[in-house]
Each structure stands twice: as C-alpha cells, then as structure tokens.
Amino acid sequence: MPVPHRPRRLLAVALPFLAVALAACSNAEYPNSIFHRHTEFNRDVGHLFDILIYLGTAVFIFVETLLLYTIFRYRRRSESDRPEHVHGNTTLEILWTAIPAVILAFIAVPTVSTIFKTQAVATADALQVQVIGHQWWWEFRYPQYTMPGMNGKTDTLTTANELYLPLGRKVNFALTTNDVLHSFWIPQLGGKRDLITNHVNHLWFTPDSLPESALNGFCAEFCGTSHGNMHFKAFTVSKENFESWATHQMSPAAFGAVAMTPAPAPAAPADSTKPAAAVPVAAAPAPVAAPVTPVGFIGFPLDKIPKHVVPATPLPEGLAFNEQLKGDPERGRAFVSAGQGGCVGCHVIRGNPMMAGQVGPNLTHVGSRTTIAGGYYPNDAKHLALWIKNARMMKPGVTMPTLGKGQFDPVMKMTLPAGLTDEQIADIVAYLQALK
Amino acid sequence: MATTASAPAYAPVESYVGESGLWSWLTTVDHKRIGALYLFTALFFFLVGGVEAGLIRWQLAQPNGHVLSAEAYNQMFTMHGTTMIFLAIMPLSAAFFNYLIPLQIGARDVAFPRLNAFSYWVYLFGAIFMNASWFVGAAPNGGWFGYAPLTTYQFSPGLNIDFWVIGLQILGVSSLAAAFNFITTIINMRAPGMSLMRMPMFTWNAFVVQFLLVLAFPVITIALVFLQFDRFFGTQFYEIAAGADPLLWQHLFWVFGHPEVYILILPAFGLTSEIIPVFSRKPIFGYPVMVYATMLIAFLGFGVWAHHMFAVGMGPIGDTVFGVTTLLIAIPTGVKIFNWIFTMWGGSLKFTTAMLFAIALVGEFTIGGISGVMHASPPADLQQTDTYFIVAHFHYVLFGGSMMGIFGGIYFYFPKIIGRMLDEGLGKLHFWITFVGMNLTFFPMHFSGLYGMPRRIYQYEPNQGWDTFNMMSSVGTAILMLGTSVFIWNFFKSIKSGKIAGNDPWGGGTLEWLIPSPPPEYNFAQIPRVTSRYPAWDVKSPGLTAEVPHSHRGDGRIDVDVASKHTADGHPGAGHEPEQAAEAAPHIEIATGKSAKDLGIPMPNPTIKPMFCAGGMVIMFTGLLAYHTTTPRPALALAVILSGAMIMVVSLYAWVLTPLEDHH
C-alpha cells in the first residue's frame with residue numbers, strides 16, 4: 001500500500017474543487033460561465049451558490065480528511081491485531097444526524113426565499129418577449145412592439161435566433177414551443193427555463209451590470225437531432241439603441257433603399273462592417289416596399305462581437321459554391337416572389353406580400369442578423385448561399401429542404417435532378433443580404 | 001459426476017457444484033449459477049456501455065468533433081445511459097442478490113428457483129433485443145429519459161424509440177419477477193435465529209432495493225405502455241396536438257427514475273458495508289442506524305422525483321417542497337458515510353483491493369453527494385441542470401459510488417464464487433488506474449458545466465472555454481478503459497490460475513464464509529442456527545464479538561422452531577432434517593465432494609422451461625416491430641406475436657405442471 005501518497009491524493013482532489021470558487025472571480029476565459037453576475041437573477045443564484053460551495057467545500061474537506069486520517073491512523077500494523085468490537089455510539093450517531101440537519105437548514109432558508117423572489121410575477125413595466133422554440137431554431141417576438149400588417153392585421157415585431165435586450169430594463173420572457181421540449185438559457189444572464197408544449201412558462205431578469213455585449217444562448221433540453229446546434233445570440237444594448245433597433249425592425253423589408261446612406265448612429269457605429277456587401281448601390285427603387293432608410297442603430301456592430309459569440313462551425317465536406325458570383329438583389333426578389341425555390345411557402349418577409357409562410361424564421365430583416373441557422377453559421381454570402389443550396393447537409397435534421405440543383409438530399413437520399421442554380425442562389429443571397 | 005477432475009493436487013476435495021456443460025447452464029435453477037450468469041452477462045454489457053462512452057468522449061475530445069454524426073451521437077448517449085443503468089449496473093447488483101442472499105441468510109436456494117432462471121433469461125433476451133437495434137441502424141435516440149413529445153411518433157417515427165419502449169418493458173418484467181422472488185426469499189427462508197436485525201448489511205440493502213423495484217417499476221411501465229399505445233395504436237396520452245401535457249411523462253418517469261437511483265446505489269452500499277467491517281476487523285458501526293438510514297433513503301427517495309424538473313416551471317410551492325425533501329435525503333446518506341468511517345475508526349485496516357474500492361466509494365460518493373445538495377436548491381439548479389455539472393454529479397454517484405462498490409464486491413466475492421482469488425497485484429493496479437481515470441474523467445465536467453456547457457450536445461464550438469476540460473475528460477476515459485482492461489485480464493487469468501481461496505480467504509463474519517468456495521449446490525449441508533450478526537466470527541474467534549444489547553430477543557422461540565417448524569417442510573431452503581438442524585450451531589463446513597443426492601437433500605430439478613417462456617415473451621414483443629416499420633406488415637406482426645405467445649404459454653403450462661423437485 002502506498003500509504004504516504006494519500007495526502008497527495010487528498011490535495012489532488014481538493015484543489016480543483018476549491019478552484020471552482022476562485023474561478024468565479026475570473027470570467028474572462030470562460031465566456032459562458034454561470035458566475036457572471038450581470039442580472040439580479042444571477043446575483044441571487046450566485047449568493048446561493050456561494051453558500052453551497054463554501055459549505056460543500058467545508059463538508060468535503062472535513063469528511064475526506066476524517067476518512068484519510070482514519071485509514072492512515074488505523075492501518076493494520078500486525079496481523080495479530082484484534083481491535084475491540086464497538087457496535088455503535090448513540091451520542092455520535094445523534095450528532096452526525098443533527099449537524100448535517102443544521103447545515104441543511106442554512107441552505108434551505110435562503111433557497112426558499114430565493115425561490116419565491118425569482119418566481120414572483122414580473123412587474124408590469126417589464127419588456128415582454130415571447131420565446132417560441134422550434135426544432136432547431138428560436139423565434140423571438142416583442143408583443144409590445146406592433147405595427148399594422150397586411151389585410152388589416154396587426155404584426156408583431158418578430159425576429160429569429162437573435163435577441164436584443166435593453167440594458168437596465170427588466171425583461172419578462174414568455175416561453176412556449178409548438179413542437180418538442182426545449183430549454184431557454186443565457187448562462188451569463190440567468191438560469192434555464194424549459195419550453196413545454198401546451199404550457200407557457202415565464203422567466204425574468206434585468207441585465208443591468210454589463211456594458212453593451214453579445215452573449216451566447218443555448219437550448220438546454222434535448223430536443224432531437226440538432227439539439228447541439230440550437231443556439232442563439234443575445235445582445236444587450238442601451239435603451240436608446242434598443243428603441244432604434246426596434247423601430248427599424250418594425251419597418252417593412254428595407255430592400256431597395258437599404259444601406260445607401262448609413263447615417264452615423266449616436267451611440268454605436270452603424271452597421272457598415274457587415275460582410276459580403278454584394279448590395280448594388282445603384283439598385284432600382286424599391287418596387288414593393290416603401291423605401292426606408294435605416295437610421296441609427298439597426299444591429300449589433302460586428303467588430304464588437306467577441307470571438308466566442310461568432311459561430312465557428314466547419315463546413316460539411318463536399319459542399320461548394322462559386323464565390324465569384326455576384327447576385328442581383330432585384331433579380332433575387334423577383335425570383336422568390338414568383339414562388340421560385342419555394343421560399344414563399346415557409347418564410348415571411350414583411351413588405352413583400354408574396355412572402356407569408358409561417359413555418360420558418362421571419363426573414364424581414366435577415367440582412368441585419370449576424371448568424372443564420374440557429375446561431376450555427378455566420379450570416380455572410382458564402383454561408384447563406386451554401387445554406388440555401390443544401391441546408392440538410394449544413395445542419396443535420398433540419399426541415400429546410402435541399403434546394404441546389406444536383407445536390408444530394410440526405411433525407412430523401414437522392415440527388416436532386418432539378419433545383420436552383422448557383423446563379424439563382426447568388427441572386428437570392430443578394431436579396432436577403434439587402435434586407436438590412 | 002464431480003468437478004474435481006482438473007483440481008490441483010493440493011486442493012483435496014472440491015465441493016460438488018453440479019453438472020457442467022452448456023445444457024446444465026441453460027437449464028440451471030441454482031441461484032449461484034444464475035448469479036454467475038448475471039455477473040458475466042452484465043460485465044459484458046458494462047464493456048459495451050464503456051465502448052459507447054469511449055466513442056462519446058472521442059467525439060467530444062475536441063471542438064467540432066466529427067467521429068460521430070449528430071444522429072449517431074444521440075443514439076450513442078441514449079444507449080450508453082440505458083446500457084449502463086439497465087444492462088450493467090442493475091444486473092451486476094442482481095448478480096450479487098442472486099449469489100449472496102441465500103448464502104447470507106443460510107438458505108439453500110431462493111424461494112422460486114425457476115422464476116429466478118426466468119428473470120435472468122428475460123434480462124438476457126431483453127438486452128439482446130435492445131442492442132439488436134444497432135444492427136438495423138435504429139438504436140434508441142431519445143435519451144435514457146425518453147421525454148415526450150420527442151419520443152412520440154410525430155417526432156420520432158423510426159424504429160429507434162420502438163426498440164427502447166419495448167426493450168425497457170421486457171427488462172422491467174425481469175426486475176419485477178426477481179424482486180418478488182427476493183422479497184419472498186428474505187422474508188421466509190432465513191436460517192433459524194436470523195432475525196431481521198441480524199441480517200447481513202448487504203441483504204438488508206438488497207431487501208430494501210427489492211421494495212424499491214416493486215414500487216418503482218410499475219410506474220415506468222405505465223409511462224411506457226402509454227407511449228407504446230400512442231405509437232402503435234393511436235392513443236393520445238402524449239399527443240400534443242390533442243392537448244396532451246408533456247409533464248405527464250416527466251412525472252411518471254421520475255417517480256420511477258429517482259428511486260431507480262437508489263436501486264443503483266444501495267446494493268453497492270450493501271457490498272461496502274460487508275467489505276469494510278471484514279478488513280477493519282470490526283463489526284459495522286451502528287448497525288440499526290445503518291438499517292434505518294437505508295429504509296429512510298428509500299422512503300424519501302419516492303418523495304423527491306420532481307427535483308429533476310425544477311426547470312419545467314412547477315411554481316414556487318412545488319419547487320420548495322421538492323427542494324427541501326431532497327435536502328433531507330442528505331441526512332441518512334451522511335449517516336452512512338460517517339458510520340462507515342467509524343467502522344474503520346479504531347479498527348485494523350487491511351488495504352486489499354476490495355477494501356480500496358470500498359474506501360473509494362466512501363470518498364467519491366461524498367463528492368457526488370455534495371454536488372447533489374448543490375442542485376437540490378432549485379434556483380441554483382436552474383444554472384446547473386442539463387449541463388455537464390449534472391453529468392459530473394451522477395457519474396460520481398454511479399461510477400464513484402455504484403461501480404466502485406460493485407468492483408469492490410467482485411474482488412471480495414470472486415473467491416467465493418470461483419473458488420480462486422483474483423490477483424491482488426493486478427487488482428491494485430486496476431484500482432489505482434481506475435481511481436485516477438475516474439477523477440480525471442468526471443471532475444473536469446464540474447467545470448465545463450459551470451462554465452456553460454450543456455449536456456447531450458454532439459459538438460461544441462471552440463473559444464467557449466471548454467476545450468481543456470473536455471480533453472481532460474477524454475484522456476480520463478482512455479485511462480478508465482485501460483484500468484478496465486487490467487480488470488478483465490485479471491478476471492480471466494484468475495478464473496484459470498488464481499490462488500485457491502478456501503472457505504474464507506478474508507476472515508469474513510457472515511454465513512457465506514463458513515461454507516466451501518465455490519459452495520456446493522446445496523450451499524449448507526446443515527442449515528446453521530444463527531445467534532448473532534456475525535455468526536462466522538462467533539465460530540472463528542469466539543469471545544471477540546462483544547454482546548449486542550437486545551440482540552437475543554426471540555432466541556428462545558427460535559430454539560423451539562428449529563426442532564419442530566421445519567420438520568415437515570420439504571422445501572430446500574429450510575432445515576430439512578430435524579435432528580441435524582437442531583444441532584446445527586454455526587460451524588465451518590468442509591468440502592466433501594458429495595452431491596445433494598448423496599446427502600439426501602432435495603434440490604429443484606434443472607429445467608429449460610423458464611428459458612423458453614422468456615424467449616417466447618421476447619419474441620411476442622418483437623412482433624410489434626413489424627407492425628411499425630415504414631411499410632407496416634400487420635400479418636407478419638400478428639404471426640410473430642402469436643407464435644411468441646404460443647411458445648410462452650405452452651412452456652409456462654409445462655413449467656407450472658412440473659413439480660419443482662422429485663418426490664421421495
């Protein structure tokens with residue numbers, strides 16, 4: 001028996017455990033750490049976690065030290081050892097029933113008060129956000145931001161996979177799903193809450209102790225094939241920028257006059273760094289939508305997005321797109337509006353009356369988003385083109401069909417004889433990218 | 001024939017363990033052979049589950065891993081969990097239940113030997129059925145928890161979930177049949193003088209586990225039957241379009257699922273409670289409290305299920321109730337930890353491999369217990385649930401707890417089962433590699449979880465701060481696999497050429513150490529009369545065991561019983577010959593090489609019928625699959641179901657109409 005090694009064994013186990021508590025102080029390397037105390041929710045949970053980790057560590061050290069001391073102290077020294085047969089000790093046994101009970105009381109009391117505090121009904125002034133889970137992407141709706149839609153209906157500000165939150169204002173999420181269960185989680189801002197079919201769940205917090213930031217969000221409940229690819233991005237922005245963003249998002253599809261004159265925003269630079277600007281400056285006037293000039297803050301500046309929030313998914317093998325092709329947005333618009341490619345069946349582009357499908361993400365301002373496909377790929381010309389060409393190869397299990405001509409559809413297990421050519425895809429990409 | 005043919009010269013007589021040959025194994029109703037079958041089968045599936053774990057960790061070793069596709073990964077983690085729980089740890093525990101319970105209570109077999117064989121065959125066929133899904137490319141992929149509505153036909157139309165739903169029901173039959181059998185055995189077949197409060201700790205833990213099984217498995221069966229009817233026959237228990245509440249599944253599943261955790265851990269606790277006293281040369285500290293703690297854990301275990309569901313939005317009252325009851329479970333569990341430590345306190349500790357594993361259980365389970373308390377607090381749990389922190393927690397419980405205890409149990413009881421010792425040098429190598437590998441695999445998962453890594457994701461992106469921890473976990477898994485290879489080598493090497501064990505290689509205190517290793521087919525030539533908790537110590541070192549107050553209550557009554565009660569009872573478990581039984585104070589039985597027939601002990605006859613009955617049942621279930629392929633073939637389904645049912649019913653009648661043992 002290598003007895004002398006035992007204290008080292010204790011250290012080896014105890015040190016990393018302690019390090020958890022220390023690591024809580026240094027979040028830089030761990031961008032999705034739960035120890036970011038950016039909201040009252042995370043501060044409350046953090047306070048509880050402190051109690052748990054300190055008491056837990058104390059119990060751990062006590063028990064393991066006692067164990068190691070016992071096995072060291074009472075190791076057999078001679079084969080003729082005949083220790084006294086002790087059957088028990090009532091006092092001791094009552095003690096180690098009672099002391100843990102007291103320790104648990106120290107956990108239970110703040111636990112219960114935190115339960116009732118965090119699960120109270122959110123105050124009325126909160127920003128309401130409706131979160132709808134889909135296999136495998138997120139729909140976000142802002143029911144306090146509505147505008148007149150087609151045929152006398154009222155449209156609600158709707159976006160996908162990118163969540164904008166004003167700093168310093170409480171946000172109350174109403175969580176629902178139309179398919180399987182999902183779980184909504186932004187570790188930096190708060191705990192999870194499941195999306196349960198035929199239920200509406202709520203979660204609220206106030207992002208108040210962080211600068212304008214880009215954060216990762218995840219689906220935390222197993223939801224099928226691409227559960228691991230069901231991400232979203234959360235952007236916390238100033239109240240002014242949030243209102244500016246919301247005003248822009250409420251406008252119909254901006255195609256036609258988009259990004260002609262990017263006016264400098266007061267709080268943040270305009271979105272001039274958007275990649276793959278295949279937008280023809282001299283495009284024809286908007287034939288469908290009323291020309292809208294984006295003013296102010298219309299999207300989180302790409303150059304301020306940290307590396308860990310930018311998708312780094314490698315492209316599947318065997319997929320290629322001629323990147324030299326420069327599409328024409330007007331041609332793309334006309335193409336999809338004529339029902340070509342089938343886009344109209346699933347997607348909404350407000351301002352384009354042909355685009356009214358309710359299955360997939362709302363694409364009204366897709367050009368202002370930083371990611372596509374449930375936060376799985378960056379939103380640039382190349383990824384967008386490949387996505388349209390063969391989404392089912394790009395992300396396992398997706399509903400979006402494979403559209404490229406001659407592409408292999410992994411669900412149908414066949415190569416498509418007909419479909420979109422690279423030129424047509426380039427046009428569609430140009431159109432979508434113009435939808436700032 | 002006797003099995004002494006290959007015995008070395010220095011082993012004068014080996015005990016008569018019965019016929020050998022394939023047929024004797026297929027027809028055996030001997031609880032020891034069935035225990036051995038469980039042991040070998042479950043170890044095989046432990047390796048299968050380990051390979052699945054290895055593939056999972058290979059995939060996750062680096063960001064954007066591409067060893068497995070998303071779909072293959074989902075099948076892999078579902079089958080890893082399902083295999084380890086239902087096909088490895090539970091049957092490993094069942095191996096010990098089978099082997100040890102009759103030996104520890106001084107019986108000659110279980111109450112229903114043929115039902116016992118049936119349980120094993122159902123388990124084996126169920127395990128094969130479940131894994132056959134790999135070969136048709138449709139392994140279950142909905143997670144071991146199988147949450148509806150993902151597992152409903154609408155979202156999982158393939159055969160994958162069908163295999164899972166049917167497979168779990170098959171395995172449930174096995175567990176339930178075994179549980180009733182062991183409860184009956186323990187209640188009815190204890191040797192004279194073995195009051196409940198003199199039962200060995202392992203038997204106590206096993207006893208409690210059987211009640212957990214009996215109470216928990218019907219609940220999952222209901223959940224599964226609902227799902228099966230939804231999938232096959234168009235009911236709408238979980239049909240969301242019809243307004244179903246998916247929480248129905250979750251509640252039913254976890255009402256089973258949490259007691260299941262104790263079904264997995266209590267047998268290992270029992271083994272630890274046998275090992276520690278022997279290698280401390282002291283009786284278990286606070287025997288009654290250990291018993292009450294076991295019962296309390298089991299009882300509270302039924303009142304905490306919704307702590308798996310803190311994120312579903314039960315509301316503050318529900319969260320409070322389940323948070324607090326969960327915290328309460330820490331108390332009896334802590335009592336066990338301290339009682340083990342104080343069993344060692346003041347003892348004379350010998351660090352055999354079995355003892356090392358038992359001590360490791362105490363140390364590692366403590367870590368799992370502490371992290372368990374951390375997510376018993378619902379608000380804190382909202383930041384922990386469904387992350388790798390939980391994965392770390394339950395692997396400390398299930399690997400650091402259950403598997404450490406089971407490994408300890410294997411090292412401890414291998415000599416009894418095989419008659420030869422496992423190599424201690426290789427054993428210690430196995431232990432230390434496993435100890436290092438286990439902590440390296442699972443400790444970093446605490447960090448990846450707290451740093452935001454969700455569970456059940458087949459890929460993760462770089463730059464998230466998770467790379468190092470994942471690489472550590474994967475390296476740890478490789479080390480674990482190395483350790484397991486050492487164990488497997490040791491296992492087979494020692495079966496062939498291990499040191500001859502003799503009756504009692506460790507100085508054990510319970511009845512099984514008074515009889516030869518391996519025990520003869522009838523276990524005890526004379527049923528012993530038990531007067532203390534450690535009858536073997538009474539024999540081998542009389543006077544050492546201090547008097548336990550109140551432990552002699554009822555002994556007078558038993559003396560009368562010994563002479564009269566069992567006389568007319570021809571059952572193999574009871575003392576058959578009154579004049580022998582009356583004098584059968586605990587004593588060391590020497591291997592005689594005599595068979596039960598030589599001694600005039602009636603033993604149940606071997607029979608193939610339980611195996612046929614189990615096979616028919618599984619064929620019957622399999623028929624459903626044909627009903628549900630993309631091109632349903634109802635005629636084929638019906639034909640398979642009916643032929644399976646026929647085999648089952650015919651063999652069941654043949655079984656029931658054949659007497660258990662010869663009349664004489």
# chains A, B, ... in the order shown; residues from 1 in each chain; ligands from 1
>>> interface_residues(of="chain B", to="chain A", cutoff="6 Å", atoms="only C-alpha atoms", output="PyMOL selection string")
chain B and resi 70-71+149-150+282+285-286+311-312+316+320+345+347-350+370+374+377+379-380+382-383+386+450-452+454+457-458+463-465+545-546
>>> write_last_selection(atoms="N, CA and C atoms", output="CSV table (one decimal), in the first residue's frame")
chain,number,residue,atom,x,y,z
B,70,ALA,N,-24.4,13.7,-35.8
B,70,ALA,CA,-25.4,14.1,-34.7
B,70,ALA,C,-26.3,12.9,-34.4
B,71,GLU,N,-26.8,12.3,-35.4
B,71,GLU,CA,-27.7,11.2,-35.1
B,71,GLU,C,-27.0,10.0,-34.4
B,149,PRO,N,-42.8,15.1,-25.8
B,149,PRO,CA,-43.3,14.5,-27.0
B,149,PRO,C,-42.2,14.1,-28.1
B,150,LEU,N,-40.9,14.3,-27.7
B,150,LEU,CA,-39.9,14.0,-28.7
B,150,LEU,C,-40.0,12.5,-29.0
B,282,LYS,N,-13.8,-5.3,12.5
B,282,LYS,CA,-14.7,-4.7,13.5
B,282,LYS,C,-16.1,-4.9,12.9
B,285,PHE,N,-20.4,-0.2,12.3
B,285,PHE,CA,-20.7,0.7,13.4
B,285,PHE,C,-22.2,1.2,13.3
B,286,GLY,N,-22.9,1.0,14.3
B,286,GLY,CA,-24.3,1.5,14.3
B,286,GLY,C,-25.2,0.7,13.3
B,311,ALA,N,-36.7,23.0,-13.8
B,311,ALA,CA,-36.7,24.0,-14.8
B,311,ALA,C,-38.1,24.0,-15.6
B,312,VAL,N,-39.0,23.0,-15.2
B,312,VAL,CA,-40.2,22.9,-16.1
B,312,VAL,C,-41.2,23.9,-15.6
B,316,PRO,N,-43.4,28.1,-7.3
B,316,PRO,CA,-42.6,28.2,-6.1
B,316,PRO,C,-42.9,27.1,-5.1
B,320,THR,N,-40.3,24.4,-3.7
B,320,THR,CA,-39.9,24.4,-2.3
B,320,THR,C,-40.0,23.0,-1.7
B,345,TRP,N,-12.7,3.4,12.1
B,345,TRP,CA,-12.1,4.0,13.3
B,345,TRP,C,-11.8,3.0,14.4
B,347,GLY,N,-10.2,0.4,14.0
B,347,GLY,CA,-10.1,-1.0,13.5
B,347,GLY,C,-8.6,-1.3,13.2
B,348,SER,N,-8.5,-2.4,12.5
B,348,SER,CA,-7.1,-2.8,12.0
B,348,SER,C,-7.3,-3.0,10.5
B,349,LEU,N,-7.0,-1.9,9.7
B,349,LEU,CA,-7.4,-1.9,8.3
B,349,LEU,C,-6.4,-2.5,7.4
B,350,LYS,N,-6.9,-3.5,6.6
B,350,LYS,CA,-6.1,-4.1,5.6
B,350,LYS,C,-6.5,-3.7,4.3
B,370,ILE,N,-22.3,15.8,-2.2
B,370,ILE,CA,-22.2,17.3,-2.0
B,370,ILE,C,-22.7,18.0,-3.3
B,374,MET,N,-26.0,20.6,-3.9
B,374,MET,CA,-25.9,21.9,-4.6
B,374,MET,C,-27.0,22.0,-5.6
B,377,SER,N,-31.0,22.8,-4.4
B,377,SER,CA,-31.5,24.1,-4.2
B,377,SER,C,-32.0,24.6,-5.6
B,379,PRO,N,-33.2,27.3,-7.2
B,379,PRO,CA,-32.7,28.4,-8.0
B,379,PRO,C,-31.3,28.2,-8.5
B,380,ALA,N,-30.5,27.6,-7.7
B,380,ALA,CA,-29.1,27.2,-8.1
B,380,ALA,C,-29.1,26.2,-9.2
B,382,LEU,N,-31.2,25.8,-11.5
B,382,LEU,CA,-31.6,26.4,-12.8
B,382,LEU,C,-30.3,26.7,-13.6
B,383,GLN,N,-29.2,27.0,-12.9
B,383,GLN,CA,-28.0,27.3,-13.6
B,383,GLN,C,-27.2,26.0,-13.8
B,386,ASP,N,-29.1,20.2,-16.7
B,386,ASP,CA,-28.8,20.0,-18.1
B,386,ASP,C,-27.5,20.5,-18.6
B,450,LEU,N,-20.3,24.3,-15.2
B,450,LEU,CA,-20.4,25.6,-14.6
B,450,LEU,C,-20.0,26.7,-15.5
B,451,TYR,N,-19.1,26.4,-16.5
B,451,TYR,CA,-18.8,27.3,-17.5
B,451,TYR,C,-19.7,27.3,-18.7
B,452,GLY,N,-20.8,26.6,-18.5
B,452,GLY,CA,-21.9,26.8,-19.5
B,452,GLY,C,-22.0,25.7,-20.6
B,454,PRO,N,-23.8,22.8,-22.2
B,454,PRO,CA,-25.0,22.0,-22.0
B,454,PRO,C,-24.7,20.5,-22.2
B,457,ILE,N,-25.0,17.5,-26.2
B,457,ILE,CA,-24.7,18.2,-27.4
B,457,ILE,C,-23.6,17.4,-28.1
B,458,TYR,N,-23.7,17.1,-29.4
B,458,TYR,CA,-22.8,16.3,-30.1
B,458,TYR,C,-21.5,17.0,-30.5
B,463,ASN,N,-13.4,28.3,-28.5
B,463,ASN,CA,-13.4,29.6,-27.9
B,463,ASN,C,-14.4,29.7,-26.8
B,464,GLN,N,-15.0,28.6,-26.3
B,464,GLN,CA,-16.0,28.7,-25.3
B,464,GLN,C,-15.4,28.5,-23.9
B,465,GLY,N,-14.1,28.2,-23.8
B,465,GLY,CA,-13.5,27.9,-22.6
B,465,GLY,C,-13.7,26.5,-22.1
B,545,THR,N,-16.5,-11.0,19.7
B,545,THR,CA,-17.7,-10.2,19.4
B,545,THR,C,-18.3,-9.8,20.7
B,546,ALA,N,-18.3,-8.5,21.0
B,546,ALA,CA,-19.0,-8.1,22.3
B,546,ALA,C,-20.5,-8.3,22.2
>>> residues_around(residues="A:Glu139", least_positions_apart="4", cutoff="10 Å", atoms="only C-alpha atoms", output="PyMOL selection string")
chain A and resi 130-134+158-163+176-177+232+360-362+374
>>> write_last_selection(atoms="C-alpha atoms", output="short mmCIF file (atom, residue, chain, number, x, y, z; two decimals), in the first residue's frame")
data_model
loop_
_atom_site.label_atom_id
_atom_site.label_comp_id
_atom_site.auth_asym_id
_atom_site.auth_seq_id
_atom_site.Cartn_x
_atom_site.Cartn_y
_atom_site.Cartn_z
CA GLN A 130 -42.24 35.83 -26.37
CA VAL A 131 -39.84 32.97 -26.96
CA ILE A 132 -41.01 30.18 -29.25
CA GLY A 133 -38.83 27.11 -29.60
CA HIS A 134 -38.65 25.26 -32.88
CA THR A 158 -40.61 39.15 -34.84
CA THR A 159 -37.06 38.01 -35.26
CA ALA A 160 -35.15 34.76 -35.15
CA ASN A 161 -32.13 33.47 -33.25
CA GLU A 162 -31.04 36.99 -32.21
CA LEU A 163 -32.39 38.55 -29.10
CA THR A 176 -43.63 28.33 -25.46
CA THR A 177 -42.98 25.66 -28.04
CA PHE A 232 -28.99 31.89 -30.31
CA GLY A 360 -39.52 29.03 -40.92
CA PRO A 361 -37.81 32.08 -39.45
CA ASN A 362 -39.13 35.54 -40.27
CA GLY A 374 -29.99 28.78 -35.21
#
>>> select_by_dssp(residues="stretch 200-425 of chain B", states="helix (DSSP H, G or I)", output="PyMOL selection string")
chain B and resi 201-233+240-242+247-280+287-303+305-308+310-312+316-344+353-374+378-382+388-418+424-425
>>> atom_distance(atom1="atom CA of B:Pro332", atom2="atom CA of B:Ala536")
28.8 Å
>>> residues_around(residues="B:Gly623", least_positions_apart="6", cutoff="6 Å", atoms="only C-alpha atoms", output="JSON, numbers by chain")
{"B": [637, 640, 641]}
>>> write_last_selection(atoms="C-alpha atoms", output="PDB file, in the first residue's frame")
ATOM      1  CA  ALA B 637     -46.563  -8.808 -36.857  1.00  0.00           C
ATOM      2  CA  VAL B 640     -44.709 -13.308 -34.768  1.00  0.00           C
ATOM      3  CA  ILE B 641     -46.755 -12.139 -31.796  1.00  0.00           C
TER       4      ILE B 641
END
>>> residues_around(residues="A:Leu167", least_positions_apart="5", cutoff="9 Å", atoms="only C-alpha atoms", output="PDB file with C-alpha atoms, in the first residue's frame")
ATOM      1  CA  THR A 206     -32.751  42.668 -15.602  1.00  0.00           C
ATOM      2  CA  PRO A 207     -29.432  42.899 -17.448  1.00  0.00           C
ATOM      3  CA  ASP A 208     -28.084  45.842 -15.506  1.00  0.00           C
ATOM      4  CA  SER A 209     -24.425  45.312 -14.687  1.00  0.00           C
ATOM      5  CA  LEU A 210     -22.770  44.827 -18.027  1.00  0.00           C
ATOM      6  CA  PRO A 211     -21.852  47.020 -20.967  1.00  0.00           C
ATOM      7  CA  GLU A 212     -23.333  46.548 -24.417  1.00  0.00           C
ATOM      8  CA  THR A 236     -27.651  43.727 -24.570  1.00  0.00           C
ATOM      9  CA  VAL A 237     -27.752  47.295 -25.842  1.00  0.00           C
ATOM     10  CA  SER A 238     -28.526  50.713 -24.421  1.00  0.00           C
ATOM     11  CA  LYS A 239     -32.184  51.685 -24.163  1.00  0.00           C
ATOM     12  CA  PHE A 242     -32.784  49.149 -28.403  1.00  0.00           C
TER      13      PHE A 242
END
>>> atom_distance(atom1="atom CA of B:Ala179", atom2="atom CA of B:Pro102")
13.9 Å
>>> residues_around(residues="B:Leu227", least_positions_apart="4", cutoff="9 Å", atoms="only C-alpha atoms", output="ChimeraX atom specification")
/B:148,151-152,165,222-223,231-232,235-238,249
>>> write_last_selection(atoms="C-alpha atoms", output="PDB file, in the first residue's frame")
ATOM      1  CA  ALA B 148     -42.363  13.037 -24.636  1.00  0.00           C
ATOM      2  CA  THR B 151     -40.436  10.227 -28.330  1.00  0.00           C
ATOM      3  CA  THR B 152     -43.924  10.258 -29.830  1.00  0.00           C
ATOM      4  CA  VAL B 165     -40.132   1.336 -25.322  1.00  0.00           C
ATOM      5  CA  ILE B 222     -47.419   2.681 -17.078  1.00  0.00           C
ATOM      6  CA  ALA B 223     -45.497   5.513 -18.710  1.00  0.00           C
ATOM      7  CA  ARG B 231     -47.006   4.969 -31.010  1.00  0.00           C
ATOM      8  CA  PHE B 232     -48.716   1.778 -32.096  1.00  0.00           C
ATOM      9  CA  THR B 235     -53.993   6.770 -28.247  1.00  0.00           C
ATOM     10  CA  GLN B 236     -53.190  10.354 -27.264  1.00  0.00           C
ATOM     11  CA  PHE B 237     -51.579  10.319 -23.844  1.00  0.00           C
ATOM     12  CA  TYR B 238     -48.660  12.407 -25.076  1.00  0.00           C
ATOM     13  CA  TRP B 249     -44.370  11.689 -18.922  1.00  0.00           C
TER      14      TRP B 249
END
>>> residues_around(residues="B:Ser485", least_positions_apart="5", cutoff="9 Å", atoms="only C-alpha atoms", output="ChimeraX atom specification")
/B:430,480,490
>>> residues_around(residues="B:Pro288", least_positions_apart="2", cutoff="12 Å", atoms="only C-alpha atoms", output="count of residues only")
29
>>> atom_distance(atom1="atom CA of A:Phe205", atom2="atom CA of B:Thr326")
26.6 Å
